[in-house]
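Take a look at the structure below.
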Amino acid sequence: MTISRRDVLLGATATAALVPLAARAQTSEVVIGVIYPFSGGSAQQGVDAQKAYETALEVINKDTDFDLPLAKGEGLPGLGGAKARLVFADHQADPQKGRAEAERLITQEKISAIIGTYQSAVAVTVSQICERYQIPFVSADNSSPSLHRRGLKYYFRAAPHDEMYSAAMFDFFDAMKKKGTKIETLSLFHEDTIFGTDSGNAQAKIAGERGYKIVTDIKYRANSPSLSAEVQQLKTANADVLMPSSYTTDGILLVKTMAELGYKPNAIVAQDAGFSEKALYDAVGDKLEGVISRGTFSLDLAQKRPMVGKINEMFKARSGKDFNDLTSRQFMGLIILADAISRAKSADGEKIRDALAATDIPGEQTIMPWKRVKFDEAGQNNDADPVLLQYVGGKFVTIFPPQAAIAEAIWPMK
């Protein structure tokens, strides 16, 4: 049989069509999609995330000489020094918009991986699109436990999830009780998206296991115009601890409504989110002296690991803010992803996925108080140790666990 030049060309075209889009990206540059809310009520989270990723990009693409993956030398050594480039997309806090933007990034921008997304509800749809196209998705700052339990092959999360965070909260309660502090009753307060629902379920489960009584468990509508009825229920219950799981706008409304109705709990132990955001403390920080929030990052670590303070100054020069629990996770997420791309020696999604699965980074080579970064078969890092932070004198200090703490907890809050 004679094969014509036309047949060869057609065959080559057909073969190329079968190759994943990311695999055909130029190796002189690897493109990574970054999906966040850049408009709407959560826009500030997107702006802050962009500054965190730009800070990480400087570490990756320039010679910064920190004890971090890729910090020494320029670019991605596994790809001959190729540079990483970020393409940002706005999901507007809408899961369906997130789905559409993920598909656009993959098919039009030819990205090799995606990182995001702040809202866990958006991470659900974005990760599904990534799975379909065999593109790795790094869940930098999403904390809903159910995200890594859907059997996805291309999903990875280096930071803790809310069951891990909640367990740390109850470890803290147990330790405080041993010192004689009365902690018997809890009020759960959580919004109705996947973040709040998963958080509330995790806290209720652990409370039952540890012998704490939940006197009220309120699921409210996210972005509700009023929380007066809900706060009145909290005031009537008067639990020893209020445990909110709320994004920034809801958190501000909650605190303002508490002040209006004269509700002053002994302690607030928050599931991060809005309670780690500068915008919340700018608005109602005068009413939150002594509030406790879980986290994965503590600037106190700079005392033991000086590079943490130096990298924080790089971020602060861009954003005017210190790293918080979210921006630190975002920074570290991109470093971990870029390290995997370099080790994969490829812009191909499947090869990057395999390199992510093989990740094993010692905790000392991160800016976090973690043991290490190593993913299980579900894409979850189980060695990311949470910390508890207390807002005192206009800043957060680490109060738990004892090996990371620099101060004793103030209880009750002022």
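Going through the structure tokens in order, the chains are called A, B, and so on, while each chain numbers its residues from 1 and the ligands are numbered from 1 in the order shown.
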
Output as JSON, numbers by chain all residues of stretch 108-334 of chain A that backbone DSSP marks as strand (DSSP E).
{"A": [113, 114, 115, 116, 137, 138, 139, 155, 156, 185, 186, 187, 188, 189, 190, 191, 213, 214, 215, 216, 217, 218, 219, 220, 241, 242, 243, 244, 245, 269, 270, 292, 293, 294, 295]}

Please produce a file of the residues just selected, as a CSV table (one decimal), in the first residue's frame, where the atoms kept are N, CA and C atoms.
```
chain,number,residue,atom,x,y,z
A,113,ALA,N,-2.1,23.6,34.5
A,113,ALA,CA,-2.7,23.2,35.8
A,113,ALA,C,-3.5,24.4,36.3
A,114,ILE,N,-4.4,24.2,37.2
A,114,ILE,CA,-5.2,25.3,37.8
A,114,ILE,C,-5.0,25.2,39.3
A,115,ILE,N,-5.0,26.5,39.9
A,115,ILE,CA,-5.0,26.6,41.3
A,115,ILE,C,-6.1,27.6,41.8
A,116,GLY,N,-6.7,27.4,42.9
A,116,GLY,CA,-7.8,28.3,43.4
A,116,GLY,C,-8.4,27.7,44.7
A,137,PHE,N,-5.5,20.0,39.5
A,137,PHE,CA,-6.1,21.1,40.3
A,137,PHE,C,-5.6,21.1,41.7
A,138,VAL,N,-4.9,22.2,42.1
A,138,VAL,CA,-4.4,22.4,43.4
A,138,VAL,C,-5.4,23.3,44.2
A,139,SER,N,-6.0,22.7,45.2
A,139,SER,CA,-7.0,23.3,46.0
A,139,SER,C,-6.2,24.1,47.1
A,155,TYR,N,-7.0,15.9,41.8
A,155,TYR,CA,-7.3,16.9,42.9
A,155,TYR,C,-6.2,16.8,44.0
A,156,PHE,N,-5.6,17.9,44.4
A,156,PHE,CA,-4.6,17.9,45.4
A,156,PHE,C,-4.8,19.1,46.4
A,185,THR,N,-20.7,23.7,76.9
A,185,THR,CA,-21.7,23.9,75.9
A,185,THR,C,-21.2,24.7,74.7
A,186,LEU,N,-21.7,24.4,73.5
A,186,LEU,CA,-21.3,25.1,72.3
A,186,LEU,C,-22.4,25.5,71.4
A,187,SER,N,-22.3,26.6,70.7
A,187,SER,CA,-23.2,27.1,69.7
A,187,SER,C,-22.5,27.1,68.4
A,188,LEU,N,-23.0,26.3,67.4
A,188,LEU,CA,-22.5,26.2,66.1
A,188,LEU,C,-23.3,27.2,65.2
A,189,PHE,N,-22.6,28.0,64.4
A,189,PHE,CA,-23.2,29.0,63.5
A,189,PHE,C,-22.5,28.9,62.2
A,190,HIS,N,-23.2,28.4,61.1
A,190,HIS,CA,-22.5,28.2,59.9
A,190,HIS,C,-23.4,28.5,58.7
A,191,GLU,N,-22.7,29.0,57.6
A,191,GLU,CA,-23.5,29.4,56.4
A,191,GLU,C,-23.8,28.1,55.6
A,213,LYS,N,-21.7,19.5,74.7
A,213,LYS,CA,-23.1,19.6,74.4
A,213,LYS,C,-23.3,20.8,73.4
A,214,ILE,N,-24.0,20.5,72.3
A,214,ILE,CA,-24.3,21.6,71.4
A,214,ILE,C,-25.7,22.1,71.7
A,215,VAL,N,-25.8,23.3,72.2
A,215,VAL,CA,-27.1,23.9,72.6
A,215,VAL,C,-27.9,24.5,71.5
A,216,THR,N,-27.1,25.0,70.5
A,216,THR,CA,-27.8,25.5,69.3
A,216,THR,C,-26.9,25.3,68.1
A,217,ASP,N,-27.5,24.9,67.0
A,217,ASP,CA,-26.8,24.6,65.7
A,217,ASP,C,-27.5,25.3,64.6
A,218,ILE,N,-27.0,26.5,64.2
A,218,ILE,CA,-27.7,27.3,63.3
A,218,ILE,C,-27.1,27.3,61.9
A,219,LYS,N,-27.8,26.9,60.9
A,219,LYS,CA,-27.3,27.1,59.5
A,219,LYS,C,-28.1,28.2,58.9
A,220,TYR,N,-27.4,29.3,58.5
A,220,TYR,CA,-28.1,30.5,58.0
A,220,TYR,C,-27.8,30.6,56.5
A,241,VAL,N,-19.1,28.6,74.3
A,241,VAL,CA,-18.2,28.9,73.2
A,241,VAL,C,-19.2,29.1,71.9
A,242,LEU,N,-19.0,30.2,71.2
A,242,LEU,CA,-19.6,30.4,69.9
A,242,LEU,C,-18.6,30.0,68.8
A,243,MET,N,-19.0,29.1,67.9
A,243,MET,CA,-18.1,28.6,66.8
A,243,MET,C,-18.7,29.0,65.5
A,244,PRO,N,-18.3,30.1,64.9
A,244,PRO,CA,-18.9,30.5,63.6
A,244,PRO,C,-18.0,30.0,62.4
A,245,SER,N,-18.7,29.7,61.4
A,245,SER,CA,-18.1,29.3,60.1
A,245,SER,C,-18.7,30.2,59.0
A,269,VAL,N,-14.6,30.9,68.9
A,269,VAL,CA,-13.5,30.1,68.3
A,269,VAL,C,-14.0,29.9,66.8
A,270,ALA,N,-13.4,30.6,65.9
A,270,ALA,CA,-13.9,30.7,64.5
A,270,ALA,C,-13.2,29.7,63.6
A,292,ILE,N,-10.6,33.9,68.8
A,292,ILE,CA,-9.7,32.8,68.4
A,292,ILE,C,-10.1,32.3,67.1
A,293,SER,N,-9.1,32.1,66.2
A,293,SER,CA,-9.4,31.5,64.9
A,293,SER,C,-8.4,30.4,64.6
A,294,ARG,N,-8.8,29.4,63.9
A,294,ARG,CA,-7.9,28.3,63.5
A,294,ARG,C,-7.1,28.8,62.3
A,295,GLY,N,-6.0,28.2,62.1
A,295,GLY,CA,-5.2,28.6,60.9
A,295,GLY,C,-4.2,27.6,60.6
```

Closest of A:Ser319, A:Ser342, A:Thr197, A:Gln303 to A:Lys83, counting only C-alpha atoms, is A:Ser342

Per DSSP on the backbone, what are the helix (DSSP H, G or I) residues of stretch 168-288 of chain A, as JSON, numbers by chain?
{"A": [168, 169, 170, 171, 172, 173, 174, 175, 176, 177, 178, 194, 195, 196, 197, 198, 199, 200, 201, 202, 203, 204, 205, 206, 207, 208, 209, 210, 228, 229, 230, 231, 232, 233, 234, 235, 236, 237, 248, 249, 250, 251, 252, 253, 254, 255, 256, 257, 258, 259, 260, 261, 273, 274, 275, 276, 278, 279, 280, 281, 282, 283, 284, 285, 286, 287]}

Stretch 73-147 of chain A near stretch 345-368 of chain A within 8 Å: what's each residue's closest atom pair and its distance in Å to one decimal, counting only C-alpha atoms, ordered by chain then ascending residue number, as JSON lines?
```
{"residue": "A:Gly78", "atom": "CA", "partner": "A:Lys345", "partner_atom": "CA", "distance": 4.7}
{"residue": "A:Leu79", "atom": "CA", "partner": "A:Lys345", "partner_atom": "CA", "distance": 5.2}
{"residue": "A:Ser112", "atom": "CA", "partner": "A:Ala347", "partner_atom": "CA", "distance": 5.6}
{"residue": "A:Ala113", "atom": "CA", "partner": "A:Gly349", "partner_atom": "CA", "distance": 6.8}
{"residue": "A:Gln134", "atom": "CA", "partner": "A:Gly349", "partner_atom": "CA", "distance": 6.0}
{"residue": "A:Ile135", "atom": "CA", "partner": "A:Gly349", "partner_atom": "CA", "distance": 4.7}
{"residue": "A:Pro136", "atom": "CA", "partner": "A:Arg353", "partner_atom": "CA", "distance": 5.6}
```

Could you save those same residues with all heavy atoms as a compact mmCIF listing (two decimals), in the first residue's frame?
```txt
# COMPACT_ATOMS: atom_id res chain seq x y z
N GLY A 78 13.84 21.66 35.97
CA GLY A 78 13.50 20.44 35.23
C GLY A 78 13.10 20.70 33.80
O GLY A 78 13.07 19.79 32.97
N LEU A 79 12.81 21.97 33.48
CA LEU A 79 12.45 22.35 32.12
C LEU A 79 13.46 23.36 31.57
O LEU A 79 13.11 24.26 30.80
CB LEU A 79 11.03 22.94 32.09
CG LEU A 79 9.91 21.92 32.22
CD1 LEU A 79 8.59 22.61 32.54
CD2 LEU A 79 9.78 21.10 30.96
N SER A 112 -1.42 24.46 32.02
CA SER A 112 -0.98 23.11 32.38
C SER A 112 -1.57 22.64 33.70
O SER A 112 -1.56 21.44 34.00
CB SER A 112 0.55 23.08 32.49
OG SER A 112 1.13 23.28 31.24
N ALA A 113 -2.07 23.57 34.52
CA ALA A 113 -2.66 23.24 35.81
C ALA A 113 -3.48 24.43 36.27
O ALA A 113 -3.32 25.55 35.75
CB ALA A 113 -1.59 22.91 36.85
N GLN A 134 -8.07 16.09 32.41
CA GLN A 134 -6.82 15.54 32.94
C GLN A 134 -5.79 16.64 33.17
O GLN A 134 -4.63 16.56 32.76
CB GLN A 134 -6.27 14.45 32.01
CG GLN A 134 -7.22 13.27 31.86
CD GLN A 134 -6.66 12.15 31.02
OE1 GLN A 134 -5.76 12.34 30.22
NE2 GLN A 134 -7.20 10.96 31.18
N ILE A 135 -6.25 17.66 33.87
CA ILE A 135 -5.42 18.81 34.26
C ILE A 135 -5.38 18.86 35.79
O ILE A 135 -6.43 18.86 36.44
CB ILE A 135 -6.02 20.12 33.70
CG1 ILE A 135 -5.91 20.15 32.18
CG2 ILE A 135 -5.34 21.34 34.32
CD1 ILE A 135 -4.51 20.28 31.64
N PRO A 136 -4.21 18.92 36.41
CA PRO A 136 -4.16 18.97 37.88
C PRO A 136 -4.83 20.21 38.44
O PRO A 136 -4.70 21.31 37.88
CB PRO A 136 -2.66 18.98 38.18
CG PRO A 136 -2.01 18.40 36.97
CD PRO A 136 -2.87 18.83 35.81
```

By how many Å are atom CA of A:Asn238 and atom CA of A:Ile194 apart?
26.4 Å

So that I can see what lies close to A:Asn201, please list as a PDB file with C-alpha atoms, in the first residue's frame the residues with an atom at most 9 Å from it, counting only C-alpha atoms and leaving out residues fewer than 5 positions away in the same chain.
```
ATOM      1  CA  GLU A 163     -12.147  18.089  60.188  1.00  0.00           C
ATOM      2  CA  GLY A 196     -20.319  25.994  56.274  1.00  0.00           C
ATOM      3  CA  ILE A 206     -16.352  15.738  67.172  1.00  0.00           C
TER       4      ILE A 206
END
```

Determine, counting only C-alpha atoms, which protein, DNA and RNA residues have an atom within 10 Å of an atom of A:Asn381; residues of the same chain fewer than 2 positions away are not included. Present the result as a PyMOL selection string.
chain A and resi 156-161+359-360+370+372-379+383-385

Next, the residues of the selection above should be written as a PDB file, in the first residue's frame with C-alpha atoms.
```
ATOM      1  CA  PHE A 156      -4.590  17.908  45.442  1.00  0.00           C
ATOM      2  CA  ARG A 157      -4.746  19.855  48.719  1.00  0.00           C
ATOM      3  CA  ALA A 158      -1.612  20.593  50.766  1.00  0.00           C
ATOM      4  CA  ALA A 159      -3.390  22.424  53.604  1.00  0.00           C
ATOM      5  CA  PRO A 160      -5.666  20.969  56.310  1.00  0.00           C
ATOM      6  CA  HIS A 161      -9.402  20.477  55.884  1.00  0.00           C
ATOM      7  CA  THR A 359       5.646  15.123  46.364  1.00  0.00           C
ATOM      8  CA  ASP A 360       7.538  14.839  49.655  1.00  0.00           C
ATOM      9  CA  TRP A 370       3.692  21.614  58.992  1.00  0.00           C
ATOM     10  CA  ARG A 372       5.778  17.897  55.602  1.00  0.00           C
ATOM     11  CA  VAL A 373       3.866  17.961  52.319  1.00  0.00           C
ATOM     12  CA  LYS A 374       2.993  14.473  51.112  1.00  0.00           C
ATOM     13  CA  PHE A 375      -0.304  13.569  49.476  1.00  0.00           C
ATOM     14  CA  ASP A 376      -2.339  10.450  50.190  1.00  0.00           C
ATOM     15  CA  GLU A 377      -4.210   8.532  47.496  1.00  0.00           C
ATOM     16  CA  ALA A 378      -7.082  11.034  47.672  1.00  0.00           C
ATOM     17  CA  GLY A 379      -4.757  14.004  47.111  1.00  0.00           C
ATOM     18  CA  ASP A 383       0.787  16.245  57.749  1.00  0.00           C
ATOM     19  CA  ALA A 384      -0.397  19.863  57.689  1.00  0.00           C
ATOM     20  CA  ASP A 385      -0.667  20.762  61.368  1.00  0.00           C
TER      21      ASP A 385
END
```

Near stretch 144-154 of chain A, 12 Å: stretch 17-128 of chain A residue rows, closest pairs, only C-alpha atoms, as CSV:
```
residue,atom,partner,partner_atom,distance
A:Ser112,CA,A:Tyr154,CA,12.0
A:Ala113,CA,A:Tyr154,CA,9.6
A:Ile114,CA,A:Tyr154,CA,10.3
A:Ile115,CA,A:Tyr154,CA,11.6
A:Tyr118,CA,A:Ser144,CA,10.8
A:Gln119,CA,A:Ser144,CA,9.3
A:Ser120,CA,A:Ser144,CA,6.2
A:Ala121,CA,A:Ser144,CA,8.8
A:Val122,CA,A:Leu147,CA,10.6
A:Ala123,CA,A:Leu147,CA,7.8
A:Val124,CA,A:Leu147,CA,6.7
A:Thr125,CA,A:Leu147,CA,10.3
A:Val126,CA,A:Leu147,CA,11.1
A:Ser127,CA,A:Tyr154,CA,7.8
A:Gln128,CA,A:Leu152,CA,8.0
```

Now that the selection is made, can you save its residues with N, CA, C and O atoms as a PDB file, in the first residue's frame?
```pdb
ATOM      1  N   SER A 112      -1.423  24.460  32.019  1.00  0.00           N
ATOM      2  CA  SER A 112      -0.980  23.115  32.383  1.00  0.00           C
ATOM      3  C   SER A 112      -1.574  22.642  33.698  1.00  0.00           C
ATOM      4  O   SER A 112      -1.562  21.441  33.996  1.00  0.00           O
ATOM      5  N   ALA A 113      -2.067  23.567  34.525  1.00  0.00           N
ATOM      6  CA  ALA A 113      -2.664  23.241  35.815  1.00  0.00           C
ATOM      7  C   ALA A 113      -3.485  24.434  36.266  1.00  0.00           C
ATOM      8  O   ALA A 113      -3.321  25.551  35.752  1.00  0.00           O
ATOM      9  N   ILE A 114      -4.376  24.198  37.224  1.00  0.00           N
ATOM     10  CA  ILE A 114      -5.196  25.272  37.794  1.00  0.00           C
ATOM     11  C   ILE A 114      -5.040  25.247  39.308  1.00  0.00           C
ATOM     12  O   ILE A 114      -4.946  24.195  39.925  1.00  0.00           O
ATOM     13  N   ILE A 115      -5.040  26.451  39.897  1.00  0.00           N
ATOM     14  CA  ILE A 115      -4.990  26.601  41.349  1.00  0.00           C
ATOM     15  C   ILE A 115      -6.070  27.586  41.772  1.00  0.00           C
ATOM     16  O   ILE A 115      -6.395  28.517  41.052  1.00  0.00           O
ATOM     17  N   TYR A 118     -10.726  29.850  46.759  1.00  0.00           N
ATOM     18  CA  TYR A 118     -11.318  30.483  47.930  1.00  0.00           C
ATOM     19  C   TYR A 118     -12.615  29.787  48.337  1.00  0.00           C
ATOM     20  O   TYR A 118     -12.646  29.083  49.327  1.00  0.00           O
ATOM     21  N   GLN A 119     -13.701  29.968  47.599  1.00  0.00           N
ATOM     22  CA  GLN A 119     -14.951  29.288  47.970  1.00  0.00           C
ATOM     23  C   GLN A 119     -14.900  27.795  47.624  1.00  0.00           C
ATOM     24  O   GLN A 119     -14.599  27.419  46.485  1.00  0.00           O
ATOM     25  N   SER A 120     -15.213  26.951  48.595  1.00  0.00           N
ATOM     26  CA  SER A 120     -15.217  25.508  48.350  1.00  0.00           C
ATOM     27  C   SER A 120     -16.272  25.108  47.329  1.00  0.00           C
ATOM     28  O   SER A 120     -16.084  24.157  46.569  1.00  0.00           O
ATOM     29  N   ALA A 121     -17.399  25.823  47.307  1.00  0.00           N
ATOM     30  CA  ALA A 121     -18.458  25.507  46.344  1.00  0.00           C
ATOM     31  C   ALA A 121     -17.960  25.661  44.912  1.00  0.00           C
ATOM     32  O   ALA A 121     -18.385  24.923  44.012  1.00  0.00           O
ATOM     33  N   VAL A 122     -17.068  26.607  44.680  1.00  0.00           N
ATOM     34  CA  VAL A 122     -16.497  26.791  43.343  1.00  0.00           C
ATOM     35  C   VAL A 122     -15.457  25.706  43.060  1.00  0.00           C
ATOM     36  O   VAL A 122     -15.338  25.225  41.928  1.00  0.00           O
ATOM     37  N   ALA A 123     -14.727  25.298  44.088  1.00  0.00           N
ATOM     38  CA  ALA A 123     -13.731  24.235  43.906  1.00  0.00           C
ATOM     39  C   ALA A 123     -14.381  22.940  43.410  1.00  0.00           C
ATOM     40  O   ALA A 123     -13.760  22.176  42.670  1.00  0.00           O
ATOM     41  N   VAL A 124     -15.619  22.705  43.808  1.00  0.00           N
ATOM     42  CA  VAL A 124     -16.329  21.502  43.365  1.00  0.00           C
ATOM     43  C   VAL A 124     -16.413  21.461  41.839  1.00  0.00           C
ATOM     44  O   VAL A 124     -16.042  20.465  41.202  1.00  0.00           O
ATOM     45  N   THR A 125     -16.886  22.538  41.243  1.00  0.00           N
ATOM     46  CA  THR A 125     -17.096  22.537  39.790  1.00  0.00           C
ATOM     47  C   THR A 125     -15.785  22.662  39.020  1.00  0.00           C
ATOM     48  O   THR A 125     -15.611  22.024  37.982  1.00  0.00           O
ATOM     49  N   VAL A 126     -14.861  23.470  39.521  1.00  0.00           N
ATOM     50  CA  VAL A 126     -13.571  23.642  38.838  1.00  0.00           C
ATOM     51  C   VAL A 126     -12.811  22.317  38.809  1.00  0.00           C
ATOM     52  O   VAL A 126     -12.265  21.920  37.769  1.00  0.00           O
ATOM     53  N   SER A 127     -12.785  21.609  39.927  1.00  0.00           N
ATOM     54  CA  SER A 127     -12.056  20.337  39.983  1.00  0.00           C
ATOM     55  C   SER A 127     -12.688  19.287  39.062  1.00  0.00           C
ATOM     56  O   SER A 127     -11.983  18.433  38.510  1.00  0.00           O
ATOM     57  N   GLN A 128     -13.998  19.347  38.877  1.00  0.00           N
ATOM     58  CA  GLN A 128     -14.660  18.403  37.967  1.00  0.00           C
ATOM     59  C   GLN A 128     -14.225  18.636  36.521  1.00  0.00           C
ATOM     60  O   GLN A 128     -14.002  17.684  35.773  1.00  0.00           O
TER      61      GLN A 128
END
```

Fewer than 2 positions away in the same chain doesn't count, so skip those; otherwise give me all residues within 12 Å of A:Ala279, counting only C-alpha atoms, as a ChimeraX atom specification.
/A:41-45,48,247-252,273-277,281-285,321,324

Between atom CA of A:Pro95 and atom CA of A:Thr193 - distance in Å to one decimal
10.9 Å
